[in-house]
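Q: Pasting entry18.txt here (compact mmCIF, C-alpha atoms):
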```txt
# COMPACT_ATOMS: atom_id res chain seq x y z
CA MET R 125 -31.69 70.59 -60.58
CA SER R 126 -29.19 70.25 -63.38
CA ALA R 127 -29.02 73.48 -65.34
CA GLY R 128 -30.88 73.25 -68.63
CA PHE R 129 -32.35 69.76 -68.11
CA ARG R 130 -35.89 69.38 -69.41
CA ILE R 131 -38.18 66.37 -69.61
CA SER R 132 -39.02 66.04 -73.30
CA SER R 133 -42.20 64.41 -74.57
CA ALA R 134 -40.10 61.53 -75.93
CA LEU R 135 -38.56 61.01 -72.50
CA TRP R 136 -42.01 61.05 -70.90
CA ASP R 137 -43.10 58.31 -73.30
CA LYS R 138 -40.13 56.21 -72.19
CA VAL R 139 -40.88 56.88 -68.52
CA HIS R 140 -44.47 55.68 -68.92
CA HIS R 141 -43.30 52.63 -70.87
CA PHE R 142 -40.80 51.55 -68.19
CA ALA R 143 -43.25 52.36 -65.39
CA SER R 144 -45.64 49.79 -66.85
CA PHE R 145 -43.23 47.00 -65.85
CA PRO R 146 -43.10 45.58 -62.32
CA GLN R 147 -39.98 46.00 -60.22
CA THR R 148 -37.83 42.99 -59.32
CA GLY R 149 -36.92 42.58 -55.65
CA VAL R 150 -33.72 40.98 -54.42
CA SER R 151 -32.79 39.58 -51.02
CA LEU R 152 -29.68 40.19 -48.94
CA GLN R 153 -28.86 36.49 -49.25
CA GLN R 154 -29.04 36.61 -53.05
CA MET R 155 -26.82 39.70 -53.23
CA ALA R 156 -24.23 38.17 -50.92
CA LEU R 157 -24.07 34.90 -52.89
CA PHE R 158 -23.96 36.68 -56.24
CA GLY R 159 -21.07 38.96 -55.33
CA GLN R 160 -18.67 36.41 -53.85
CA ASN R 161 -15.31 36.52 -55.67
CA PRO R 162 -16.82 38.25 -58.72
CA SER R 163 -15.17 37.97 -62.13
CA GLN R 164 -15.56 40.63 -64.81
CA GLY R 165 -18.26 38.40 -66.28
CA THR R 166 -20.18 38.33 -63.00
CA LEU R 167 -19.87 42.10 -62.75
CA LEU R 168 -21.10 42.43 -66.34
CA LYS R 169 -24.13 40.33 -65.45
CA GLY R 170 -24.75 42.65 -62.51
CA SER R 171 -24.35 45.71 -64.76
CA GLN R 172 -26.86 44.28 -67.20
CA PHE R 173 -29.35 43.60 -64.40
CA LEU R 174 -29.07 47.14 -63.05
CA ALA R 175 -29.22 48.68 -66.53
CA GLU R 176 -32.56 46.89 -66.87
CA GLU R 177 -33.90 47.20 -63.32
CA LEU R 178 -32.96 50.74 -62.26
CA PRO R 179 -34.82 52.49 -65.12
CA VAL R 180 -37.98 50.61 -64.11
CA ARG R 181 -37.65 51.71 -60.48
CA LEU R 182 -36.80 55.30 -61.41
CA ALA R 183 -39.70 55.48 -63.88
CA HIS R 184 -42.17 54.42 -61.18
CA ARG R 185 -40.95 57.26 -58.97
CA VAL R 186 -40.94 59.90 -61.73
CA LYS R 187 -44.54 59.00 -62.61
CA GLU R 188 -45.57 59.17 -58.94
CA LEU R 189 -43.81 62.50 -58.39
CA ASP R 190 -45.68 63.93 -61.37
CA GLU R 191 -49.08 62.68 -60.20
CA LEU R 192 -49.06 63.66 -56.52
CA PRO R 193 -52.37 65.02 -55.22
CA HIS R 194 -53.11 68.44 -53.72
CA ASN R 195 -50.78 70.27 -56.16
CA ILE R 196 -47.71 68.90 -54.35
CA SER R 197 -46.04 68.14 -57.70
CA LYS R 198 -45.85 71.90 -58.31
CA MET R 199 -43.72 72.60 -55.24
CA PRO R 200 -40.21 73.71 -56.33
CA SER R 201 -38.35 71.12 -54.26
CA ILE R 202 -40.60 68.25 -55.44
CA ALA R 203 -40.08 69.36 -59.07
CA LYS R 204 -36.33 69.39 -58.43
CA VAL R 205 -36.38 65.78 -57.21
CA LYS R 206 -38.53 64.73 -60.19
CA HIS R 207 -35.91 66.19 -62.53
CA TRP R 208 -33.12 64.36 -60.71
CA TYR R 209 -34.94 61.06 -61.13
CA SER R 210 -35.75 61.84 -64.77
CA GLN R 211 -32.17 62.76 -65.59
CA SER R 212 -30.85 59.58 -63.96
CA PHE R 213 -33.45 57.57 -65.87
CA GLU R 214 -32.37 59.14 -69.16
CA GLU R 215 -28.67 58.49 -68.48
CA LEU R 216 -29.38 54.81 -67.87
CA VAL R 217 -31.69 54.16 -70.84
CA THR R 218 -29.31 55.94 -73.24
CA PHE R 219 -26.15 54.27 -71.89
CA PRO R 220 -24.71 52.21 -74.78
CA LYS R 221 -25.04 48.45 -74.40
CA PRO R 222 -21.82 46.39 -74.57
CA LYS R 223 -20.87 44.80 -77.88
CA LEU R 224 -20.43 41.14 -77.07
CA THR R 225 -19.27 38.28 -79.26
CA ASP R 226 -21.40 35.16 -79.54
CA GLN R 227 -18.82 33.32 -77.45
CA ILE R 228 -19.13 35.84 -74.59
CA ARG R 229 -22.93 35.74 -74.77
CA GLN R 230 -22.88 31.95 -74.50
CA ALA R 231 -20.51 32.15 -71.53
CA LEU R 232 -22.82 34.59 -69.76
CA ASN R 233 -25.86 32.38 -70.29
CA ALA R 234 -24.19 29.05 -69.59
CA PRO R 235 -25.74 27.15 -66.66
CA HIS R 236 -23.65 26.29 -63.64
CA PRO R 237 -22.13 22.79 -64.03
CA THR R 238 -23.66 21.73 -60.72
CA GLY R 239 -27.04 23.29 -61.56
CA PHE R 240 -26.60 25.97 -58.88
CA GLN R 241 -29.04 28.87 -58.89
CA LEU R 242 -29.48 31.71 -56.47
CA PRO R 243 -32.02 30.72 -53.78
CA GLU R 244 -35.50 32.11 -54.22
CA ALA R 245 -36.32 35.09 -52.03
CA THR R 246 -39.27 34.95 -49.64
CA PRO R 247 -42.00 37.63 -49.59
CA ASN R 248 -41.22 40.58 -47.33
CA PRO R 249 -43.81 40.92 -44.53
CA THR R 250 -43.67 44.70 -45.00
CA MET R 251 -45.33 44.55 -48.43
CA HIS R 252 -48.91 44.60 -47.15
CA LYS R 253 -48.08 47.66 -45.02
CA LEU R 254 -46.73 49.62 -47.98
CA ILE R 255 -49.24 48.55 -50.64
CA PRO R 256 -52.98 48.33 -49.89
CA PRO R 257 -54.54 44.97 -50.83
CA GLY R 258 -56.47 44.74 -54.05
CA ASN R 259 -54.53 47.17 -56.23
CA GLY R 260 -53.09 44.40 -58.38
CA ILE R 261 -49.43 45.38 -58.06
CA GLN R 262 -48.36 42.18 -56.36
CA ASN R 263 -49.85 40.02 -59.12
CA ARG R 264 -47.80 41.71 -61.82
CA SER R 265 -44.59 40.10 -60.56
CA LYS R 266 -45.33 37.15 -62.90
CA LEU R 267 -44.63 39.34 -65.92
CA ARG R 268 -40.85 39.23 -65.54
CA ILE R 269 -38.32 36.43 -65.19
CA PRO R 270 -37.55 35.89 -61.48
CA MET R 271 -34.36 37.59 -60.34
CA GLU R 272 -32.76 34.36 -59.13
CA ARG R 273 -32.83 33.01 -62.71
CA ARG R 274 -31.31 36.03 -64.43
CA TYR R 275 -28.96 37.62 -61.90
CA TYR R 276 -26.45 34.80 -61.92
CA ALA R 277 -23.82 33.55 -64.34
CA HIS R 278 -21.25 30.78 -64.12
CA THR R 279 -18.34 32.86 -65.32
CA GLY R 280 -15.35 31.24 -63.68
CA GLU R 281 -13.32 29.78 -66.55
CA VAL R 282 -13.73 32.49 -69.18
CA ASP R 283 -11.01 34.86 -70.38
CA TRP R 284 -12.97 38.11 -70.46
CA PRO R 285 -11.91 40.61 -73.14
CA PRO R 286 -10.93 44.21 -72.24
CA GLU R 287 -14.26 45.50 -73.60
CA VAL R 288 -16.08 43.84 -70.69
CA HIS R 289 -13.89 45.52 -68.09
CA ASP R 290 -14.23 48.84 -69.92
CA TYR R 291 -18.03 48.57 -69.94
CA ASN R 292 -18.14 47.72 -66.23
CA THR R 293 -15.88 50.69 -65.42
CA ARG R 294 -17.92 53.18 -67.45
CA PHE R 295 -21.23 51.89 -66.08
CA THR R 296 -19.91 52.16 -62.51
CA LYS R 297 -18.95 55.80 -63.12
CA VAL R 298 -22.50 56.53 -64.30
CA LEU R 299 -23.86 54.94 -61.13
CA GLU R 300 -21.47 56.97 -58.96
CA ASN R 301 -22.74 60.19 -60.57
CA ILE R 302 -26.36 59.14 -60.09
CA LYS R 303 -25.78 58.26 -56.44
CA ARG R 304 -24.12 61.64 -55.85
CA ARG R 305 -26.95 63.49 -57.59
CA HIS R 306 -29.54 61.85 -55.33
CA ASP R 307 -27.68 62.39 -52.05
CA PRO R 308 -29.95 65.26 -50.90
CA THR R 309 -33.23 63.56 -51.89
CA VAL R 310 -34.55 62.98 -48.35
CA THR R 311 -34.08 66.56 -47.24
CA THR R 312 -35.23 68.01 -50.57
CA VAL R 313 -38.51 66.07 -50.42
CA ALA R 314 -38.87 67.16 -46.79
CA GLN R 315 -38.37 70.75 -47.90
CA GLY R 316 -41.02 70.20 -50.60
CA MET R 317 -43.51 69.00 -48.00
CA LEU R 318 -42.78 72.08 -45.87
CA GLU R 319 -43.32 74.29 -48.94
CA TRP R 320 -46.69 72.62 -49.49
CA LYS R 321 -47.74 72.95 -45.84
CA ARG R 322 -46.92 76.63 -45.87
CA SER R 323 -48.60 77.28 -49.23
CA GLN R 324 -51.79 75.55 -48.07
CA ASN R 325 -51.56 76.75 -44.48
CA GLU R 326 -51.76 73.10 -43.40
CA LYS R 327 -50.54 71.99 -39.98
CA GLU R 328 -50.37 68.27 -40.71
CA ILE R 329 -49.76 65.92 -43.62
CA GLY R 330 -52.65 63.56 -44.44
CA MET R 331 -52.37 59.78 -44.26
CA ASP R 332 -52.41 59.47 -48.06
CA LEU R 333 -49.21 61.54 -48.23
CA GLN R 334 -47.69 59.73 -45.25
CA ALA R 335 -48.22 56.45 -47.11
CA TRP R 336 -46.66 57.91 -50.26
CA LEU R 337 -43.60 59.09 -48.32
CA ASP R 338 -43.20 55.58 -46.89
CA ARG R 339 -43.31 54.08 -50.39
CA PHE R 340 -41.03 56.72 -51.90
CA TYR R 341 -38.36 56.47 -49.21
CA MET R 342 -38.48 52.67 -49.17
CA SER R 343 -37.90 52.72 -52.91
CA ARG R 344 -34.99 55.12 -52.41
CA ILE R 345 -33.38 52.77 -49.87
CA GLY R 346 -33.60 49.94 -52.43
CA ILE R 347 -32.18 51.97 -55.31
CA ARG R 348 -29.27 53.21 -53.21
CA PHE R 349 -28.56 49.73 -51.88
CA LEU R 350 -28.36 48.24 -55.38
CA ILE R 351 -26.18 51.10 -56.64
CA GLY R 352 -23.95 51.11 -53.56
CA GLN R 353 -23.49 47.34 -53.71
CA HIS R 354 -22.55 47.40 -57.40
CA ILE R 355 -20.11 50.29 -56.97
CA ALA R 356 -18.45 48.51 -54.04
CA LEU R 357 -18.08 45.24 -55.97
CA ASN R 358 -16.40 47.13 -58.82
CA THR R 359 -14.16 49.47 -56.84
CA LEU R 360 -13.29 48.04 -53.41
CA GLU R 361 -10.53 45.58 -52.64
CA ALA R 362 -11.67 42.08 -51.73
CA HIS R 363 -12.22 41.47 -48.01
CA LYS R 364 -12.92 38.11 -46.42
CA ASP R 365 -15.90 39.42 -44.43
CA TYR R 366 -17.42 41.68 -47.07
CA VAL R 367 -19.34 41.22 -50.31
CA GLY R 368 -19.67 44.78 -51.55
CA ILE R 369 -21.30 46.75 -48.73
CA ILE R 370 -22.73 43.56 -47.17
CA CYS R 371 -20.75 42.26 -44.21
CA THR R 372 -21.27 38.50 -44.08
CA ASN R 373 -19.87 38.46 -40.54
CA THR R 374 -21.33 41.61 -38.96
CA ASN R 375 -20.42 41.82 -35.27
CA VAL R 376 -23.57 43.23 -33.71
CA ARG R 377 -21.85 44.30 -30.49
CA ASP R 378 -19.23 46.32 -32.35
CA VAL R 379 -21.79 48.11 -34.54
CA VAL R 380 -24.09 48.94 -31.61
CA HIS R 381 -21.18 50.09 -29.44
CA GLU R 382 -20.01 52.47 -32.17
CA ALA R 383 -23.55 53.85 -32.53
CA ILE R 384 -23.66 54.42 -28.76
CA GLU R 385 -20.40 56.37 -28.83
CA ASN R 386 -21.52 58.48 -31.79
CA ALA R 387 -24.93 59.27 -30.27
CA ARG R 388 -23.39 60.22 -26.91
CA PHE R 389 -20.92 62.50 -28.66
CA VAL R 390 -23.73 64.32 -30.50
CA CYS R 391 -25.68 64.60 -27.24
CA GLU R 392 -22.71 66.02 -25.32
CA GLU R 393 -22.03 68.53 -28.08
CA HIS R 394 -25.66 69.62 -28.31
CA TYR R 395 -26.22 70.10 -24.57
CA ALA R 396 -22.64 71.27 -23.81
CA MET R 397 -22.21 68.38 -21.38
CA PHE R 398 -18.88 66.97 -20.24
CA LYS R 399 -20.41 63.49 -20.01
CA GLY R 400 -23.78 62.41 -21.41
CA PRO R 401 -26.18 59.83 -19.93
CA PRO R 402 -24.56 56.42 -19.42
CA VAL R 403 -25.51 53.60 -21.79
CA GLN R 404 -25.30 49.97 -20.68
CA LEU R 405 -24.82 47.43 -23.48
CA ILE R 406 -25.72 43.79 -22.85
CA CYS R 407 -24.82 41.77 -25.93
CA PRO R 408 -23.02 38.49 -26.66
CA GLU R 409 -19.49 39.30 -27.84
CA ASN R 410 -19.54 36.85 -30.72
CA LEU R 411 -22.99 37.50 -32.19
CA HIS R 412 -22.50 37.69 -35.96
CA PHE R 413 -24.83 37.65 -38.97
CA ALA R 414 -24.97 38.90 -42.56
CA TYR R 415 -26.18 42.50 -42.79
CA VAL R 416 -25.32 45.96 -44.06
CA PRO R 417 -23.50 47.52 -41.08
CA GLY R 418 -24.31 51.05 -42.26
CA HIS R 419 -28.05 50.36 -42.06
CA LEU R 420 -27.82 48.88 -38.55
CA SER R 421 -25.56 51.66 -37.32
CA HIS R 422 -27.94 54.34 -38.60
CA ILE R 423 -31.00 52.75 -36.99
CA CYS R 424 -29.31 52.37 -33.59
CA PHE R 425 -27.79 55.85 -33.74
CA GLU R 426 -31.14 57.50 -34.42
CA LEU R 427 -32.96 55.63 -31.65
CA LEU R 428 -30.19 56.16 -29.11
CA LYS R 429 -30.16 59.86 -29.94
CA ASN R 430 -33.89 60.02 -29.11
CA SER R 431 -33.37 58.22 -25.79
CA LEU R 432 -30.42 60.40 -24.77
CA ARG R 433 -32.34 63.56 -25.55
CA ALA R 434 -35.40 62.37 -23.60
CA VAL R 435 -33.29 61.55 -20.53
CA VAL R 436 -31.41 64.88 -20.56
CA GLU R 437 -34.57 66.92 -21.06
CA ARG R 438 -36.26 65.13 -18.18
CA PHE R 439 -33.41 65.06 -15.65
CA GLY R 440 -31.21 67.98 -16.75
CA THR R 441 -27.50 68.06 -17.53
CA ASP R 442 -26.17 67.11 -14.08
CA GLU R 443 -24.50 63.80 -14.93
CA THR R 444 -24.86 62.48 -11.35
CA ARG R 445 -28.67 62.48 -11.74
CA LEU R 446 -28.93 60.74 -15.11
CA PRO R 447 -30.34 57.17 -15.16
CA PRO R 448 -28.68 54.77 -17.62
CA ILE R 449 -30.10 53.79 -20.98
CA LYS R 450 -30.05 50.02 -21.41
CA VAL R 451 -29.39 48.29 -24.71
CA ILE R 452 -30.06 44.53 -24.73
CA VAL R 453 -29.32 42.33 -27.75
CA VAL R 454 -30.57 38.74 -28.06
CA GLU R 455 -30.56 36.13 -30.82
CA GLY R 456 -33.60 34.05 -31.69
CA ASN R 457 -34.21 31.47 -34.40
CA GLU R 458 -35.65 34.04 -36.83
CA ASP R 459 -34.59 37.44 -35.53
CA ILE R 460 -31.83 39.26 -33.76
CA THR R 461 -33.63 41.72 -31.49
CA ILE R 462 -32.19 44.90 -29.98
CA LYS R 463 -34.11 46.56 -27.15
CA ILE R 464 -33.29 50.16 -26.19
CA SER R 465 -34.84 51.19 -22.85
CA ASP R 466 -34.78 54.68 -21.36
CA GLU R 467 -36.31 56.53 -18.41
CA GLY R 468 -36.95 59.71 -20.39
CA GLY R 469 -40.56 60.11 -19.32
CA GLY R 470 -42.25 58.23 -22.14
CA ILE R 471 -44.75 59.40 -24.73
CA PRO R 472 -48.47 60.11 -24.20
CA ARG R 473 -50.63 57.32 -25.62
CA SER R 474 -52.42 59.78 -27.90
CA ALA R 475 -49.10 60.73 -29.50
CA ILE R 476 -47.92 57.18 -30.26
CA PRO R 477 -49.45 57.06 -33.78
CA LEU R 478 -47.87 60.43 -34.59
CA ILE R 479 -44.28 59.37 -33.91
CA TRP R 480 -44.31 57.19 -37.05
CA THR R 481 -45.45 60.07 -39.24
CA TYR R 482 -43.16 62.35 -41.22
CA MET R 483 -42.74 65.98 -40.16
CA TYR R 484 -43.78 65.20 -36.57
CA THR R 485 -41.20 66.54 -34.14
CA THR R 486 -41.24 67.91 -30.61
CA MET R 487 -38.43 70.34 -31.44
CA GLU R 488 -39.33 74.01 -31.70
CA GLY R 489 -39.07 75.48 -35.19
CA GLN R 490 -39.04 73.31 -38.29
CA SER R 491 -36.73 73.93 -41.20
CA VAL R 492 -34.35 71.91 -43.31
CA ASP R 493 -30.68 72.83 -43.55
CA PRO R 494 -29.67 72.60 -47.23
CA ASP R 495 -26.25 71.20 -46.21
CA PHE R 496 -27.84 68.58 -43.93
CA GLU R 497 -27.21 65.62 -46.22
CA THR R 498 -24.04 66.49 -48.08
CA GLN R 499 -22.52 63.09 -47.30
CA GLY R 500 -25.42 61.13 -48.75
CA SER R 501 -26.71 59.67 -45.51
CA ASP R 502 -30.30 59.83 -44.34
CA PHE R 503 -29.04 60.16 -40.76
CA LYS R 504 -26.49 62.98 -40.71
CA ALA R 505 -28.83 64.62 -38.24
CA PRO R 506 -28.46 67.09 -35.40
CA MET R 507 -29.78 66.08 -31.99
CA ALA R 508 -33.33 66.29 -33.31
CA GLY R 509 -34.55 67.63 -36.59
CA PHE R 510 -37.55 67.65 -38.86
CA GLY R 511 -39.45 64.55 -37.82
CA TYR R 512 -37.93 61.90 -40.07
CA GLY R 513 -35.76 59.88 -37.68
CA LEU R 514 -38.22 57.24 -36.47
CA PRO R 515 -40.17 56.59 -39.70
CA LEU R 516 -36.96 56.33 -41.75
CA SER R 517 -35.37 54.02 -39.17
CA ARG R 518 -38.41 51.75 -39.38
CA LEU R 519 -38.11 51.62 -43.18
CA TYR R 520 -34.44 50.63 -42.92
CA ALA R 521 -35.35 47.86 -40.47
CA ARG R 522 -38.20 46.63 -42.69
CA TYR R 523 -36.16 46.73 -45.90
CA PHE R 524 -34.58 43.31 -45.22
CA GLY R 525 -37.63 41.82 -43.50
CA GLY R 526 -37.22 43.20 -39.98
CA ASP R 527 -39.28 45.76 -38.08
CA LEU R 528 -39.23 48.47 -35.45
CA ARG R 529 -41.69 48.64 -32.55
CA LEU R 530 -42.12 51.08 -29.68
CA ILE R 531 -43.79 50.65 -26.28
CA SER R 532 -44.06 53.65 -24.02
CA MET R 533 -44.94 54.09 -20.37
CA GLU R 534 -45.90 57.73 -19.94
CA GLY R 535 -44.32 59.14 -16.80
CA TYR R 536 -41.47 56.63 -16.88
CA GLY R 537 -39.84 55.86 -20.22
CA THR R 538 -39.83 54.11 -23.56
CA ASP R 539 -38.74 50.72 -24.91
CA VAL R 540 -37.89 50.41 -28.60
CA TYR R 541 -37.45 47.01 -30.23
CA ILE R 542 -35.38 46.60 -33.41
CA HIS R 543 -36.13 43.25 -35.07
CA LEU R 544 -33.53 42.13 -37.66
CA ASN R 545 -34.22 39.17 -39.92
CA ARG R 546 -31.19 36.95 -39.36
CA LEU R 547 -32.16 34.58 -42.21
CA SER R 548 -31.52 37.34 -44.82
CA SER R 549 -33.99 35.73 -47.23
CA SER R 550 -36.69 38.40 -47.46
CA ARG R 551 -37.20 40.07 -50.83
CA GLU R 552 -37.13 43.88 -50.97
CA PRO R 553 -40.57 45.40 -50.37
CA LEU R 554 -41.01 47.29 -53.65
CA PRO R 555 -44.08 49.55 -53.83
```
I need this file expressed as structure tokens, please.
A:
Amino acid sequence: MSAGFRISSALWDKVHHFASFPQTGVSLQQMALFGQNPSQGTLLKGSQFLAEELPVRLAHRVKELDELPHNISKMPSIAKVKHWYSQSFEELVTFPKPKLTDQIRQALNAPHPTGFQLPEATPNPTMHKLIPPGNGIQNRSKLRIPMERRYYAHTGEVDWPPEVHDYNTRFTKVLENIKRRHDPTVTTVAQGMLEWKRSQNEKEIGMDLQAWLDRFYMSRIGIRFLIGQHIALNTLEAHKDYVGIICTNTNVRDVVHEAIENARFVCEEHYAMFKGPPVQLICPENLHFAYVPGHLSHICFELLKNSLRAVVERFGTDETRLPPIKVIVVEGNEDITIKISDEGGGIPRSAIPLIWTYMYTTMEGQSVDPDFETQGSDFKAPMAGFGYGLPLSRLYARYFGGDLRLISMEGYGTDVYIHLNRLSSSREPLP
């Protein structure tokens, strides 16, 4: 928590005001089209969108963090996260707006000469899983102008004044500070839940809190994606295959292969093995699609880590006795599907619902290392940790309209299916 930061009554009034507005979801396709060859005018339009959208998303989370049931809001780590979100909210709503001439305003609002607009996003199938039907949230999306009509500007032929570049640079620095501040959010919330469990002498977290964690972490993925994308557009050199952090030509085989190598390295280090279980990869060499490679790498790494651990703990560390883990990647009309199959003994049927819950782990002893997430990733994990790997991986898969499914055969092994929406048209699921 930043020293000396307090949430004033005036700031609370602003939080409640912004939390009354619905959030605006974007799709991977829209972000990729928007950020192609961006001019300073395009980047300004993006800055204006985020200066409007991020406070709404942060306000929703601050309000939720303050209203959690069972006295969870009073846990020190939860209060710390609430202050981070509040401080970031305040920095954004007080950030001075750019002073634009009438000519620049007209250029920003001018329609494309061909009538081009960003394609409309399709509803994310995850929405009904995150938000119970009948609460009215979905219907409020009509209150704001659709993203595809306001997150686009035809800015190609305009000579942008230095003030525009200066504003974009200063706004990007604010976003970089916010992103850095929120790096430890996952582990800090996890620590808060442990504090609550210990204070109440509870062994498990109820389904109402599990659902809240799903919504909170899904929202975090969205906020960090928008911020990371905007920072990349403003700071990284142009690359023919990249639009910000989106790779328009992601080679699935390369990403999965790297995840395999990283997971095997962690396994070998953890179990002091010279050579970990073998992993067979069956994947077309030229399978490409638009995605965020970091998201895909994290999902595969986490699942492979689970499979490697299960195999070693069932068969021991003698590498001559270890059956291979098989990774099969196929392309369909709608999805690219990755199947990870192991012979690690499987999971009892009664435990299947538990694996998708937070804080469920088969590792002995449960604590959160405060340095666990210093690099800002949700997956800088040891071999196994505090029960967040699978549920977070599923959220990352669902964020762009995919999913994660698991089928286990107790006594033999487990198959995990990663479904990735290759059409890239699904809107963010914003609870």
Q: Name the residues in contact with Gln404 of chain R at a cut-off of 12 Å, using all atoms listed in the file, excluding same-chain residues fewer than 6 positions from it; report them as number ranges by chain.
A: R: 377, 380-381, 384-385, 428, 447-453, 463-466
Q: Using only C-alpha atoms, give me every residue within 9 Å of (-20.9, 41.7, -65.7) in file coordinates, as a PyMOL selection string.
A: chain R and resi 162-173+232+277+288-289+291-292
Q: What are the nearest atom pairs, with distances in Å to one decimal, for all residues of segment 397-478 of chain R that come at most 12 Å from segment 545-553 of chain R, using all atoms listed in the file, set out by chain and rising residue number as a Markdown table?
A:
```
| residue | atom | partner | partner_atom | distance |
| --- | --- | --- | --- | --- |
| R:Leu411 | CA | R:Arg546 | CA | 10.9 |
| R:His412 | CA | R:Arg546 | CA | 9.4 |
| R:Phe413 | CA | R:Arg546 | CA | 6.4 |
| R:Ala414 | CA | R:Ser548 | CA | 7.1 |
| R:Tyr415 | CA | R:Ser548 | CA | 7.7 |
| R:Val416 | CA | R:Ser548 | CA | 10.6 |
| R:Leu420 | CA | R:Asn545 | CA | 11.7 |
| R:Val454 | CA | R:Arg546 | CA | 11.5 |
| R:Glu455 | CA | R:Arg546 | CA | 8.6 |
| R:Gly456 | CA | R:Arg546 | CA | 8.5 |
| R:Asn457 | CA | R:Arg546 | CA | 8.0 |
| R:Glu458 | CA | R:Arg546 | CA | 5.9 |
| R:Asp459 | CA | R:Asn545 | CA | 4.7 |
| R:Ile460 | CA | R:Arg546 | CA | 6.1 |
| R:Thr461 | CA | R:Asn545 | CA | 8.8 |
| R:Ile462 | CA | R:Asn545 | CA | 11.7 |
```
Q: Just checking: using all atoms listed in the file, which residue out of R:Ser151, R:His207, R:Asn161, R:Thr218 ends up closest to Pro179 of chain R?
A: R:Thr218
Q: Pick from R:Ile479, R:Met533, R:Met199, R:Met155: nearest to Gln324 of chain R, with all atoms listed in the file counted?
A: R:Met199
Q: Just the residues within 7 Å of segment 338-351 of chain R, please, counting all atoms listed in the file, with nothing from its chain fewer than 4 positions along; format it as a VMD selection string.
A: chain R and resid 254 299 303 334 355 519 554 to 555
Q: Generate the output file for the selected residues, C-alpha atoms, as a PDB file, keeping the file's coordinate frame.
A:
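And here's out-v6.pdb as it stands now:
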```pdb
ATOM      1  CA  LEU R 254     -46.730  49.620 -47.980  1.00  0.00           C
ATOM      2  CA  LEU R 299     -23.860  54.940 -61.130  1.00  0.00           C
ATOM      3  CA  LYS R 303     -25.780  58.260 -56.440  1.00  0.00           C
ATOM      4  CA  GLN R 334     -47.690  59.730 -45.250  1.00  0.00           C
ATOM      5  CA  ILE R 355     -20.110  50.290 -56.970  1.00  0.00           C
ATOM      6  CA  LEU R 519     -38.110  51.620 -43.180  1.00  0.00           C
ATOM      7  CA  LEU R 554     -41.010  47.290 -53.650  1.00  0.00           C
ATOM      8  CA  PRO R 555     -44.080  49.550 -53.830  1.00  0.00           C
TER       9      PRO R 555
END
```
Q: May I have the residues within 10 Å of Leu337 of chain R as a ChimeraX atom specification, using all atoms listed in the file and disregarding those fewer than 4 positions away in the same chain?
A: /R:254,310,313-314,317,331-333,341-343,481-482,515-516
Q: Could you please take those selected residues and save C-alpha atoms as a short mmCIF file (atom, residue, chain, number, x, y, z; two decimals), keeping the file's coordinate frame?
A:
```cif
data_model
loop_
_atom_site.label_atom_id
_atom_site.label_comp_id
_atom_site.auth_asym_id
_atom_site.auth_seq_id
_atom_site.Cartn_x
_atom_site.Cartn_y
_atom_site.Cartn_z
CA LEU R 254 -46.73 49.62 -47.98
CA VAL R 310 -34.55 62.98 -48.35
CA VAL R 313 -38.51 66.07 -50.42
CA ALA R 314 -38.87 67.16 -46.79
CA MET R 317 -43.51 69.00 -48.00
CA MET R 331 -52.37 59.78 -44.26
CA ASP R 332 -52.41 59.47 -48.06
CA LEU R 333 -49.21 61.54 -48.23
CA TYR R 341 -38.36 56.47 -49.21
CA MET R 342 -38.48 52.67 -49.17
CA SER R 343 -37.90 52.72 -52.91
CA THR R 481 -45.45 60.07 -39.24
CA TYR R 482 -43.16 62.35 -41.22
CA PRO R 515 -40.17 56.59 -39.70
CA LEU R 516 -36.96 56.33 -41.75
#
```
